$ cat protein-v6.cif   # mmCIF, C-alpha atoms
data_protein
loop_
_atom_site.group_PDB
_atom_site.id
_atom_site.type_symbol
_atom_site.label_atom_id
_atom_site.label_comp_id
_atom_site.auth_asym_id
_atom_site.auth_seq_id
_atom_site.Cartn_x
_atom_site.Cartn_y
_atom_site.Cartn_z
ATOM 1 C CA MET A 689 130.869 98.328 111.414
ATOM 2 C CA VAL A 690 129.405 99.872 108.281
ATOM 3 C CA GLU A 691 129.131 97.428 105.435
ATOM 4 C CA ARG A 692 129.565 98.994 102.011
ATOM 5 C CA VAL A 693 127.921 97.232 99.102
ATOM 6 C CA ARG A 694 127.362 97.820 95.409
ATOM 7 C CA VAL A 695 124.274 96.803 93.477
ATOM 8 C CA LYS A 696 125.405 94.552 90.660
ATOM 9 C CA ALA A 697 125.224 96.249 87.281
ATOM 10 C CA LEU A 698 123.515 93.321 85.584
ATOM 11 C CA THR A 699 120.766 93.411 82.985
ATOM 12 C CA PRO A 700 119.213 89.937 83.077
ATOM 13 C CA PRO A 701 115.978 89.294 81.195
ATOM 14 C CA GLY A 702 112.707 88.792 83.059
ATOM 15 C CA HIS A 703 111.175 90.038 86.296
ATOM 16 C CA VAL A 704 113.689 91.487 88.749
ATOM 17 C CA ARG A 705 113.153 93.892 91.625
ATOM 18 C CA ALA A 706 116.520 95.641 91.724
ATOM 19 C CA PRO A 707 115.587 99.089 90.356
ATOM 20 C CA TRP A 708 117.454 100.179 87.254
ATOM 21 C CA TYR A 709 118.436 103.534 88.765
ATOM 22 C CA LEU A 710 120.358 101.801 91.577
ATOM 23 C CA ARG A 711 122.342 99.319 89.502
ATOM 24 C CA GLY A 712 126.080 99.852 89.880
ATOM 25 C CA LYS A 713 125.499 102.261 92.791
ATOM 26 C CA GLU A 714 127.208 101.968 96.177
ATOM 27 C CA GLY A 715 125.529 102.243 99.544
ATOM 28 C CA VAL A 716 125.622 100.849 103.058
ATOM 29 C CA ILE A 717 123.522 98.137 104.656
ATOM 30 C CA GLU A 718 120.926 99.935 106.784
ATOM 31 C CA ARG A 719 119.581 96.686 108.253
ATOM 32 C CA PRO A 720 119.194 93.040 107.266
ATOM 33 C CA LEU A 721 115.544 92.023 106.848
ATOM 34 C CA GLY A 722 115.711 88.235 106.904
ATOM 35 C CA HIS A 723 115.060 85.760 104.111
ATOM 36 C CA PHE A 724 112.294 86.076 101.523
ATOM 37 C CA ALA A 725 111.146 84.089 98.498
ATOM 38 C CA ASN A 726 112.983 85.160 95.362
ATOM 39 C CA PRO A 727 110.570 87.238 93.224
ATOM 40 C CA GLU A 728 112.541 86.327 90.099
ATOM 41 C CA GLN A 729 111.149 82.797 90.465
ATOM 42 C CA LEU A 730 107.840 83.660 92.129
ATOM 43 C CA ALA A 731 106.904 85.869 89.169
ATOM 44 C CA TYR A 732 106.840 82.807 86.912
ATOM 45 C CA GLY A 733 105.029 80.496 89.317
ATOM 46 C CA LEU A 734 108.236 78.571 89.986
ATOM 47 C CA LYS A 735 109.217 77.063 93.298
ATOM 48 C CA ALA A 736 111.162 79.927 94.846
ATOM 49 C CA ASP A 737 114.395 79.812 96.824
ATOM 50 C CA THR A 738 114.639 82.162 99.766
ATOM 51 C CA LYS A 739 117.181 84.945 99.498
ATOM 52 C CA PRO A 740 118.510 87.312 102.143
ATOM 53 C CA LEU A 741 117.030 90.792 101.816
ATOM 54 C CA TYR A 742 118.701 94.023 102.934
ATOM 55 C CA ARG A 743 117.761 97.651 103.249
ATOM 56 C CA VAL A 744 120.547 99.543 101.520
ATOM 57 C CA ARG A 745 121.004 103.279 102.036
ATOM 58 C CA PHE A 746 122.406 105.379 99.195
ATOM 59 C CA ARG A 747 123.379 109.042 99.207
ATOM 60 C CA MET A 748 121.503 111.020 96.575
ATOM 61 C CA ALA A 749 124.887 112.252 95.270
ATOM 62 C CA GLU A 750 125.852 108.622 94.580
ATOM 63 C CA ILE A 751 122.681 108.031 92.579
ATOM 64 C CA TRP A 752 122.257 111.304 90.719
ATOM 65 C CA GLY A 753 125.770 112.852 90.806
ATOM 66 C CA GLU A 754 125.895 116.601 90.286
ATOM 67 C CA GLY A 755 122.199 116.596 89.523
ATOM 68 C CA ALA A 756 121.201 115.629 93.066
ATOM 69 C CA GLU A 757 118.844 118.113 94.712
ATOM 70 C CA ASN A 758 120.693 117.749 97.996
ATOM 71 C CA PRO A 759 123.729 115.419 97.949
ATOM 72 C CA ASP A 760 123.301 114.310 101.571
ATOM 73 C CA ASP A 761 119.653 113.298 101.306
ATOM 74 C CA THR A 762 119.317 109.534 101.174
ATOM 75 C CA LEU A 763 117.415 106.808 99.374
ATOM 76 C CA ASP A 764 116.761 103.460 101.061
ATOM 77 C CA ALA A 765 115.719 100.454 98.998
ATOM 78 C CA GLU A 766 115.323 96.742 99.632
ATOM 79 C CA ILE A 767 117.824 94.731 97.626
ATOM 80 C CA TYR A 768 118.183 90.930 97.603
ATOM 81 C CA GLY A 769 121.575 89.562 98.602
ATOM 82 C CA HIS A 770 122.286 87.989 95.226
ATOM 83 C CA TRP A 771 122.159 91.496 93.703
ATOM 84 C CA LEU A 772 124.804 92.883 96.072
ATOM 85 C CA GLU A 773 128.572 92.704 96.016
ATOM 86 C CA LYS A 774 130.816 93.778 98.858
ATOM 87 C CA VAL A 775 132.846 96.925 98.296
ATOM 88 C CA ASP A 776 136.374 96.440 99.586
ATOM 89 C CA THR A 777 137.262 99.821 101.036
ATOM 90 C CA HIS A 778 140.832 98.680 101.728
ATOM 91 C CA ALA A 779 141.661 97.616 98.200
ATOM 92 C CA PRO A 780 145.318 98.295 97.293
ATOM 93 C CA MET B 163 58.023 121.893 85.590
ATOM 94 C CA PRO B 164 60.939 119.655 86.552
ATOM 95 C CA HIS B 165 62.128 119.276 82.968
ATOM 96 C CA ASP B 166 61.773 122.865 81.929
ATOM 97 C CA HIS B 167 65.270 123.971 80.961
ATOM 98 C CA HIS B 168 64.580 127.690 80.773
ATOM 99 C CA ASP B 169 65.296 128.442 84.410
ATOM 100 C CA HIS B 170 68.305 126.126 84.783
ATOM 101 C CA PHE B 171 71.981 126.679 84.080
ATOM 102 C CA HIS B 172 72.748 123.134 82.966
ATOM 103 C CA HIS B 173 75.541 122.759 80.461
ATOM 104 C CA GLU B 174 75.027 120.094 77.863
ATOM 105 C CA GLY B 175 76.270 116.740 79.178
ATOM 106 C CA MET B 176 76.859 118.051 82.681
ATOM 107 C CA SER B 177 75.343 116.842 85.931
ATOM 108 C CA PRO B 178 73.344 119.343 88.042
ATOM 109 C CA SER B 179 76.488 119.968 90.103
ATOM 110 C CA GLY B 180 78.394 120.946 86.974
ATOM 111 C CA HIS B 181 80.535 117.847 86.528
ATOM 112 C CA PRO B 182 80.579 115.795 83.346
ATOM 113 C CA TYR B 183 78.681 112.529 83.529
ATOM 114 C CA ARG B 184 80.917 109.509 83.767
ATOM 115 C CA ALA B 185 80.837 107.572 80.516
ATOM 116 C CA ASP B 186 79.356 104.080 80.602
ATOM 117 C CA ASN B 187 82.061 101.424 80.638
ATOM 118 C CA ASP B 188 80.959 99.799 77.404
ATOM 119 C CA THR B 189 84.488 99.127 76.170
ATOM 120 C CA PRO B 190 85.637 95.515 75.728
ATOM 121 C CA LEU B 191 87.226 93.818 78.733
ATOM 122 C CA THR B 192 90.992 93.910 78.871
ATOM 123 C CA TYR B 193 93.044 90.738 78.962
ATOM 124 C CA TRP B 194 93.529 90.994 82.749
ATOM 125 C CA GLN B 195 89.873 91.761 83.428
ATOM 126 C CA ARG B 196 88.927 88.586 81.537
ATOM 127 C CA MET B 197 91.595 86.675 83.433
ATOM 128 C CA GLU B 198 90.299 87.914 86.798
ATOM 129 C CA ILE B 199 86.740 86.888 85.962
ATOM 130 C CA ALA B 200 87.876 83.488 84.690
ATOM 131 C CA VAL B 201 89.978 82.726 87.780
ATOM 132 C CA ARG B 202 87.261 83.958 90.134
ATOM 133 C CA GLU B 203 84.584 81.846 88.434
ATOM 134 C CA LEU B 204 86.823 78.777 88.462
ATOM 135 C CA LEU B 205 87.552 79.191 92.176
ATOM 136 C CA VAL B 206 83.830 79.442 92.871
ATOM 137 C CA GLU B 207 82.913 76.517 90.581
ATOM 138 C CA LYS B 208 85.509 74.277 92.171
ATOM 139 C CA GLY B 209 84.273 75.166 95.638
ATOM 140 C CA HIS B 210 87.411 76.952 96.914
ATOM 141 C CA LEU B 211 85.626 80.249 97.542
ATOM 142 C CA THR B 212 82.101 81.558 97.675
ATOM 143 C CA PRO B 213 80.952 84.864 96.165
ATOM 144 C CA ALA B 214 79.981 85.930 99.704
ATOM 145 C CA GLU B 215 83.547 85.343 100.912
ATOM 146 C CA ILE B 216 84.940 87.408 98.046
ATOM 147 C CA ALA B 217 82.486 90.235 98.772
ATOM 148 C CA ALA B 218 83.367 90.085 102.488
ATOM 149 C CA GLN B 219 87.075 90.358 101.699
ATOM 150 C CA ILE B 220 86.472 93.382 99.460
ATOM 151 C CA GLU B 221 84.422 94.930 102.244
ATOM 152 C CA ALA B 222 87.191 94.254 104.767
ATOM 153 C CA MET B 223 89.756 95.952 102.509
ATOM 154 C CA ASP B 224 87.483 98.925 101.877
ATOM 155 C CA ALA B 225 86.959 99.286 105.635
ATOM 156 C CA ARG B 226 90.674 99.806 106.206
ATOM 157 C CA SER B 227 91.453 103.489 106.286
ATOM 158 C CA PRO B 228 94.137 105.967 107.313
ATOM 159 C CA ALA B 229 92.296 106.198 110.651
ATOM 160 C CA ASN B 230 93.930 102.867 111.579
ATOM 161 C CA GLY B 231 97.391 104.306 111.009
ATOM 162 C CA ALA B 232 96.430 107.512 112.806
ATOM 163 C CA ALA B 233 95.509 105.505 115.895
ATOM 164 C CA VAL B 234 98.913 103.796 115.801
ATOM 165 C CA VAL B 235 100.699 107.155 115.448
ATOM 166 C CA ALA B 236 98.724 108.719 118.312
ATOM 167 C CA ARG B 237 99.560 105.761 120.560
ATOM 168 C CA ALA B 238 103.253 106.182 119.727
ATOM 169 C CA TRP B 239 103.040 109.890 120.591
ATOM 170 C CA THR B 240 101.592 109.173 124.026
ATOM 171 C CA ASP B 241 103.293 105.907 125.012
ATOM 172 C CA PRO B 242 107.119 105.838 124.745
ATOM 173 C CA ALA B 243 107.291 102.069 125.291
ATOM 174 C CA PHE B 244 104.801 101.489 122.459
ATOM 175 C CA LYS B 245 106.782 103.855 120.227
ATOM 176 C CA ALA B 246 109.936 101.821 120.888
ATOM 177 C CA ARG B 247 108.067 98.631 119.948
ATOM 178 C CA LEU B 248 106.654 100.320 116.821
ATOM 179 C CA LEU B 249 110.096 101.338 115.608
ATOM 180 C CA GLU B 250 111.419 97.864 116.426
ATOM 181 C CA ASN B 251 108.617 95.951 114.670
ATOM 182 C CA ALA B 252 105.707 97.958 113.279
ATOM 183 C CA SER B 253 103.746 94.854 112.236
ATOM 184 C CA GLU B 254 103.657 93.463 115.768
ATOM 185 C CA ALA B 255 102.874 96.887 117.254
ATOM 186 C CA SER B 256 99.921 97.312 114.850
ATOM 187 C CA ARG B 257 98.607 93.837 115.690
ATOM 188 C CA GLU B 258 99.004 94.625 119.391
ATOM 189 C CA MET B 259 96.489 97.454 118.845
ATOM 190 C CA GLY B 260 94.060 94.954 117.351
ATOM 191 C CA PHE B 261 94.483 95.763 113.657
ATOM 192 C CA ASP B 262 94.202 92.737 111.387
ATOM 193 C CA ILE B 263 97.019 93.490 108.961
ATOM 194 C CA GLY B 264 97.452 89.944 107.629
ATOM 195 C CA PRO B 265 100.989 89.091 106.552
ATOM 196 C CA LEU B 266 102.045 92.752 106.189
ATOM 197 C CA ASN B 267 105.750 93.372 106.947
ATOM 198 C CA LEU B 268 105.674 96.933 108.183
ATOM 199 C CA ILE B 269 108.536 99.296 109.013
ATOM 200 C CA ALA B 270 107.863 102.636 110.713
ATOM 201 C CA VAL B 271 110.303 105.455 109.984
ATOM 202 C CA GLU B 272 110.403 108.396 112.365
ATOM 203 C CA ASN B 273 110.406 112.073 111.456
ATOM 204 C CA THR B 274 112.528 114.144 113.829
ATOM 205 C CA ALA B 275 113.766 117.727 114.034
ATOM 206 C CA ASP B 276 116.456 116.911 111.472
ATOM 207 C CA THR B 277 114.984 114.042 109.419
ATOM 208 C CA HIS B 278 111.981 113.866 107.099
ATOM 209 C CA ASN B 279 110.907 110.553 105.570
ATOM 210 C CA LEU B 280 109.060 110.016 102.296
ATOM 211 C CA ILE B 281 107.594 106.743 101.007
ATOM 212 C CA VAL B 282 107.353 105.677 97.371
ATOM 213 C CA CYS B 283 107.264 102.504 95.305
ATOM 214 C CA THR B 284 109.090 103.146 92.048
ATOM 215 C CA LEU B 285 108.499 99.653 90.653
ATOM 216 C CA CYS B 286 104.712 99.516 91.095
ATOM 217 C CA SER B 287 102.405 100.754 93.864
ATOM 218 C CA CYS B 288 103.415 98.967 97.086
ATOM 219 C CA TYR B 289 101.649 100.628 100.004
ATOM 220 C CA PRO B 290 100.749 99.488 103.552
ATOM 221 C CA ARG B 291 97.170 98.750 102.407
ATOM 222 C CA ASN B 292 96.489 96.305 105.214
ATOM 223 C CA LEU B 293 96.904 99.148 107.681
ATOM 224 C CA LEU B 294 96.015 102.342 105.755
ATOM 225 C CA GLY B 295 93.610 101.053 103.110
ATOM 226 C CA LEU B 296 93.986 101.760 99.399
ATOM 227 C CA PRO B 297 96.609 104.275 98.266
ATOM 228 C CA PRO B 298 95.676 107.632 96.750
ATOM 229 C CA ASP B 299 95.636 107.660 92.947
ATOM 230 C CA TRP B 300 98.622 109.996 92.694
ATOM 231 C CA TYR B 301 100.769 107.515 94.654
ATOM 232 C CA LYS B 302 100.484 105.103 91.703
ATOM 233 C CA THR B 303 101.290 107.621 88.968
ATOM 234 C CA ARG B 304 104.499 107.481 87.005
ATOM 235 C CA ALA B 305 105.070 111.152 87.852
ATOM 236 C CA TYR B 306 105.097 110.611 91.626
ATOM 237 C CA ARG B 307 107.003 107.322 91.400
ATOM 238 C CA SER B 308 109.782 108.745 89.252
ATOM 239 C CA ARG B 309 110.017 112.207 90.786
ATOM 240 C CA ALA B 310 109.906 111.233 94.478
ATOM 241 C CA VAL B 311 113.329 109.590 94.192
ATOM 242 C CA ARG B 312 114.824 112.127 91.788
ATOM 243 C CA GLU B 313 113.635 115.434 93.253
ATOM 244 C CA PRO B 314 111.858 114.737 96.564
ATOM 245 C CA ARG B 315 112.187 118.306 97.821
ATOM 246 C CA THR B 316 110.523 119.709 94.721
ATOM 247 C CA VAL B 317 107.729 117.152 95.026
ATOM 248 C CA LEU B 318 107.252 118.030 98.717
ATOM 249 C CA ARG B 319 107.132 121.735 97.824
ATOM 250 C CA GLU B 320 104.281 120.970 95.411
ATOM 251 C CA PHE B 321 102.480 119.295 98.320
ATOM 252 C CA GLY B 322 102.952 122.516 100.293
ATOM 253 C CA LEU B 323 105.845 121.295 102.398
ATOM 254 C CA GLU B 324 108.982 123.452 102.343
ATOM 255 C CA LEU B 325 111.824 121.740 104.212
ATOM 256 C CA PRO B 326 114.796 123.711 105.519
ATOM 257 C CA ASP B 327 118.243 122.677 104.239
ATOM 258 C CA HIS B 328 119.336 121.315 107.631
ATOM 259 C CA VAL B 329 116.596 118.668 107.470
ATOM 260 C CA THR B 330 117.777 115.489 105.751
ATOM 261 C CA VAL B 331 115.251 113.905 103.415
ATOM 262 C CA ARG B 332 115.207 110.115 103.531
ATOM 263 C CA VAL B 333 113.269 108.561 100.661
ATOM 264 C CA HIS B 334 112.205 104.924 101.077
ATOM 265 C CA ASP B 335 111.620 102.947 97.904
ATOM 266 C CA SER B 336 109.417 99.914 98.708
ATOM 267 C CA THR B 337 111.141 97.620 96.241
ATOM 268 C CA ALA B 338 110.452 94.229 97.819
ATOM 269 C CA ASP B 339 108.716 92.646 100.818
ATOM 270 C CA MET B 340 108.527 95.533 103.310
ATOM 271 C CA ARG B 341 105.932 98.269 103.495
ATOM 272 C CA TYR B 342 106.494 101.610 105.168
ATOM 273 C CA VAL B 343 104.632 104.079 107.295
ATOM 274 C CA VAL B 344 105.994 107.420 108.455
ATOM 275 C CA LEU B 345 105.760 108.231 112.145
ATOM 276 C CA PRO B 346 105.349 111.999 111.913
ATOM 277 C CA ALA B 347 106.628 114.296 114.654
ATOM 278 C CA ARG B 348 104.019 115.266 117.237
ATOM 279 C CA PRO B 349 102.912 118.846 116.567
ATOM 280 C CA GLU B 350 103.654 121.553 119.100
ATOM 281 C CA GLY B 351 100.804 122.743 121.260
ATOM 282 C CA THR B 352 99.290 119.271 121.709
ATOM 283 C CA GLU B 353 100.495 118.671 125.277
ATOM 284 C CA GLY B 354 97.081 118.352 126.894
ATOM 285 C CA MET B 355 95.469 116.264 124.164
ATOM 286 C CA ASP B 356 94.401 112.645 124.580
ATOM 287 C CA GLU B 357 95.012 109.815 122.115
ATOM 288 C CA ALA B 358 91.721 110.228 120.233
ATOM 289 C CA GLN B 359 92.212 113.982 119.837
ATOM 290 C CA LEU B 360 95.767 113.416 118.625
ATOM 291 C CA ALA B 361 94.681 110.744 116.127
ATOM 292 C CA ALA B 362 92.349 113.293 114.521
ATOM 293 C CA LEU B 363 95.411 115.400 113.641
ATOM 294 C CA VAL B 364 97.151 112.591 111.735
ATOM 295 C CA THR B 365 96.506 112.732 107.995
ATOM 296 C CA ARG B 366 97.059 110.041 105.391
ATOM 297 C CA ASP B 367 99.683 112.184 103.677
ATOM 298 C CA SER B 368 101.575 112.685 106.943
ATOM 299 C CA MET B 369 102.004 108.897 107.089
ATOM 300 C CA ILE B 370 103.287 108.793 103.479
ATOM 301 C CA GLY B 371 105.559 111.757 104.151
ATOM 302 C CA THR B 372 104.011 114.164 101.648
ATOM 303 C CA GLY B 373 102.447 116.176 104.466
ATOM 304 C CA LEU B 374 102.573 116.986 108.146
ATOM 305 C CA PRO B 375 99.903 116.350 110.778
ATOM 306 C CA HIS B 376 97.350 119.101 111.365
ATOM 307 C CA ARG B 377 98.121 121.611 114.081
ATOM 308 C CA PRO B 378 95.556 121.903 116.866
#
$ encode --input "protein-v6.cif" --output "structure tokens"
Amino acid sequence: MVERVRVKALTPPGHVRAPWYLRGKEGVIERPLGHFANPEQLAYGLKADTKPLYRVRFRMAEIWGEGAENPDDTLDAEIYGHWLEKVDTHAP
Amino acid sequence: MPHDHHDHFHHEGMSPSGHPYRADNDTPLTYWQRMEIAVRELLVEKGHLTPAEIAAQIEAMDARSPANGAAVVARAWTDPAFKARLLENASEASREMGFDIGPLNLIAVENTADTHNLIVCTLCSCYPRNLLGLPPDWYKTRAYRSRAVREPRTVLREFGLELPDHVTVRVHDSTADMRYVVLPARPEGTEGMDEAQLAALVTRDSMIGTGLPHRP
């Protein structure tokens, strides 16, 4: 079962590791990676919660639109769970 | 007459091999250089580390080289069970071969007849250093980091790698805790070769995805 997700289009201040060019973009979970310390807290020397981390696969066409070199090439990135929202493919 | 300039072709300010001399680093320390020295001296003063331990760690990192990764790739080419373990958990497979990779979380991605993988870190310079050693300078440049995700095929062409349209390019952006190594496809014409001979064909760039292994 393919799980479609969207990277939240947020712009919080401070250190985050969700790349700007993927915010608001939809992809599929390639594999879950387990739980890792949240870099948004680690970066400031704070006690860090662990967050689930996923490899998300995006089509180049989704990221770059018409400008993609080859629409079916893919980009995989690691995105923390709190940056992802489920895409409901059966929305009315 | 060692200092007689008449029969030499030295250019002013050039070394005998024709390269400019490297300027002395007489500029003031940057903020982070000062910080590194301060933290290092504090750690030594408070007895947490010795200068010899720091030097040994630098030596251990400098001793890591793409040859380590090449040995892993060659093993995967010759041992299907090892290859399966490598693709399942590349950290454990590397440790199984005796490489001290510390806490590295490694994922191996396999090139096949219809897939080519390319590794980049757009946010900084994440690289599987504990297996392959330090990354090449170009890997850390803004040009490579921004272009590898935007126009990977053009970048690969500049590295001398022209991929046919039926090959899917998969770019891997190391944005968090994982590091990546490409398992290149075994070149044709290598049937009779042993592991050590095969390892000699595996280049650093073929494990980043900007190149292919040498052909025999």
$ residues_around --input "protein-v6.cif" --residues "region 250-252 of chain B" --least-positions-apart "3" --cutoff "10 Å" --atoms "only C-alpha atoms" --output "list in words"
Val234, Phe244, Lys245, Ala246, Arg247, Ala255, Ser256, Arg257, Glu258, Leu266, Asn267, Leu268, Ile269, Ala270, Val271, Arg341, Tyr342 and Val343 of chain B
$ atom_distance --input "protein-v6.cif" --atom1 "CA of Glu272 (chain B)" --atom2 "CA of His334 (chain B)"
11.9 Å
$ closest_residue --input "protein-v6.cif" --among "B:Leu323, B:Val333, B:Leu285, B:Ala233" --to "Trp708 (chain A)" --atoms "all atoms listed in the file"
B:Leu285
$ closest_residue --input "protein-v6.cif" --among "B:Leu363, B:Cys286, B:Leu296, B:Val206" --to "chain A" --atoms "all atoms listed in the file"
B:Cys286
$ resolve_selection --input "protein-v6.cif" --expression "the PyMOL selection byres ((chain A and resi 693) around 12)" --output "ChimeraX atom specification"
/A:690-692,694-696,710-718,742-746,767-777
$ residues_around --input "protein-v6.cif" --residues "Leu360 (chain B)" --least-positions-apart "5" --cutoff "8 Å" --atoms "only C-alpha atoms" --output "list of chain:residue names"
B:Ala236, B:Thr352, B:Met355
$ atom_distance --input "protein-v6.cif" --atom1 "CA of Val235 (chain B)" --atom2 "CA of Ala361 (chain B)"
7.0 Å
$ resolve_selection --input "protein-v6.cif" --expression "the PyMOL selection byres ((chain A and resi 752) around 10)" --output "list in words"
Tyr709, Leu710, Lys713, Arg747, Met748, Ala749, Glu750, Ile751, Gly753, Glu754, Gly755, Ala756, Glu757, Asn758 and Pro759 of chain A; Val311, Arg312 and Glu313 of chain B
$ write_last_selection --input "protein-v6.cif" --atoms "C-alpha atoms" --output "compact mmCIF listing (two decimals), keeping the file's coordinate frame"
# COMPACT_ATOMS: atom_id res chain seq x y z
CA TYR A 709 118.44 103.53 88.76
CA LEU A 710 120.36 101.80 91.58
CA LYS A 713 125.50 102.26 92.79
CA ARG A 747 123.38 109.04 99.21
CA MET A 748 121.50 111.02 96.58
CA ALA A 749 124.89 112.25 95.27
CA GLU A 750 125.85 108.62 94.58
CA ILE A 751 122.68 108.03 92.58
CA GLY A 753 125.77 112.85 90.81
CA GLU A 754 125.90 116.60 90.29
CA GLY A 755 122.20 116.60 89.52
CA ALA A 756 121.20 115.63 93.07
CA GLU A 757 118.84 118.11 94.71
CA ASN A 758 120.69 117.75 98.00
CA PRO A 759 123.73 115.42 97.95
CA VAL B 311 113.33 109.59 94.19
CA ARG B 312 114.82 112.13 91.79
CA GLU B 313 113.64 115.43 93.25
$ decode --input "protein-v6.cif" --residues "region 221-236 of chain B" --atoms "N, CA and C atoms" --output "short mmCIF file (atom, residue, chain, number, x, y, z; two decimals), in the first residue's frame"
data_model
loop_
_atom_site.label_atom_id
_atom_site.label_comp_id
_atom_site.auth_asym_id
_atom_site.auth_seq_id
_atom_site.Cartn_x
_atom_site.Cartn_y
_atom_site.Cartn_z
N GLU B 221 44.22 11.01 12.45
CA GLU B 221 44.91 10.02 11.63
C GLU B 221 43.96 8.92 11.18
N ALA B 222 43.09 8.48 12.10
CA ALA B 222 42.13 7.43 11.75
C ALA B 222 41.20 7.90 10.65
N MET B 223 40.75 9.18 10.73
CA MET B 223 39.85 9.68 9.69
C MET B 223 40.58 9.81 8.36
N ASP B 224 41.82 10.29 8.41
CA ASP B 224 42.58 10.44 7.17
C ASP B 224 42.90 9.09 6.54
N ALA B 225 42.93 8.03 7.35
CA ALA B 225 43.26 6.71 6.81
C ALA B 225 42.07 6.08 6.09
N ARG B 226 40.87 6.61 6.34
CA ARG B 226 39.70 6.08 5.64
C ARG B 226 39.77 6.56 4.20
N SER B 227 39.46 5.68 3.28
CA SER B 227 39.57 6.09 1.88
C SER B 227 38.54 5.34 1.05
N PRO B 228 38.33 5.78 -0.19
CA PRO B 228 37.38 5.07 -1.05
C PRO B 228 37.72 3.60 -1.23
N ALA B 229 38.97 3.21 -0.92
CA ALA B 229 39.32 1.78 -1.04
C ALA B 229 38.45 0.93 -0.12
N ASN B 230 38.04 1.49 1.03
CA ASN B 230 37.16 0.73 1.93
C ASN B 230 35.83 0.43 1.24
N GLY B 231 35.25 1.46 0.64
CA GLY B 231 33.99 1.27 -0.07
C GLY B 231 34.16 0.33 -1.25
N ALA B 232 35.29 0.44 -1.94
CA ALA B 232 35.53 -0.42 -3.10
C ALA B 232 35.57 -1.89 -2.71
N ALA B 233 36.12 -2.16 -1.52
CA ALA B 233 36.17 -3.54 -1.04
C ALA B 233 34.76 -4.07 -0.77
N VAL B 234 33.91 -3.18 -0.22
CA VAL B 234 32.52 -3.57 0.05
C VAL B 234 31.80 -3.86 -1.27
N VAL B 235 32.00 -2.98 -2.26
CA VAL B 235 31.33 -3.16 -3.56
C VAL B 235 31.79 -4.47 -4.21
N ALA B 236 33.10 -4.72 -4.18
CA ALA B 236 33.62 -5.93 -4.83
C ALA B 236 33.08 -7.18 -4.15
#
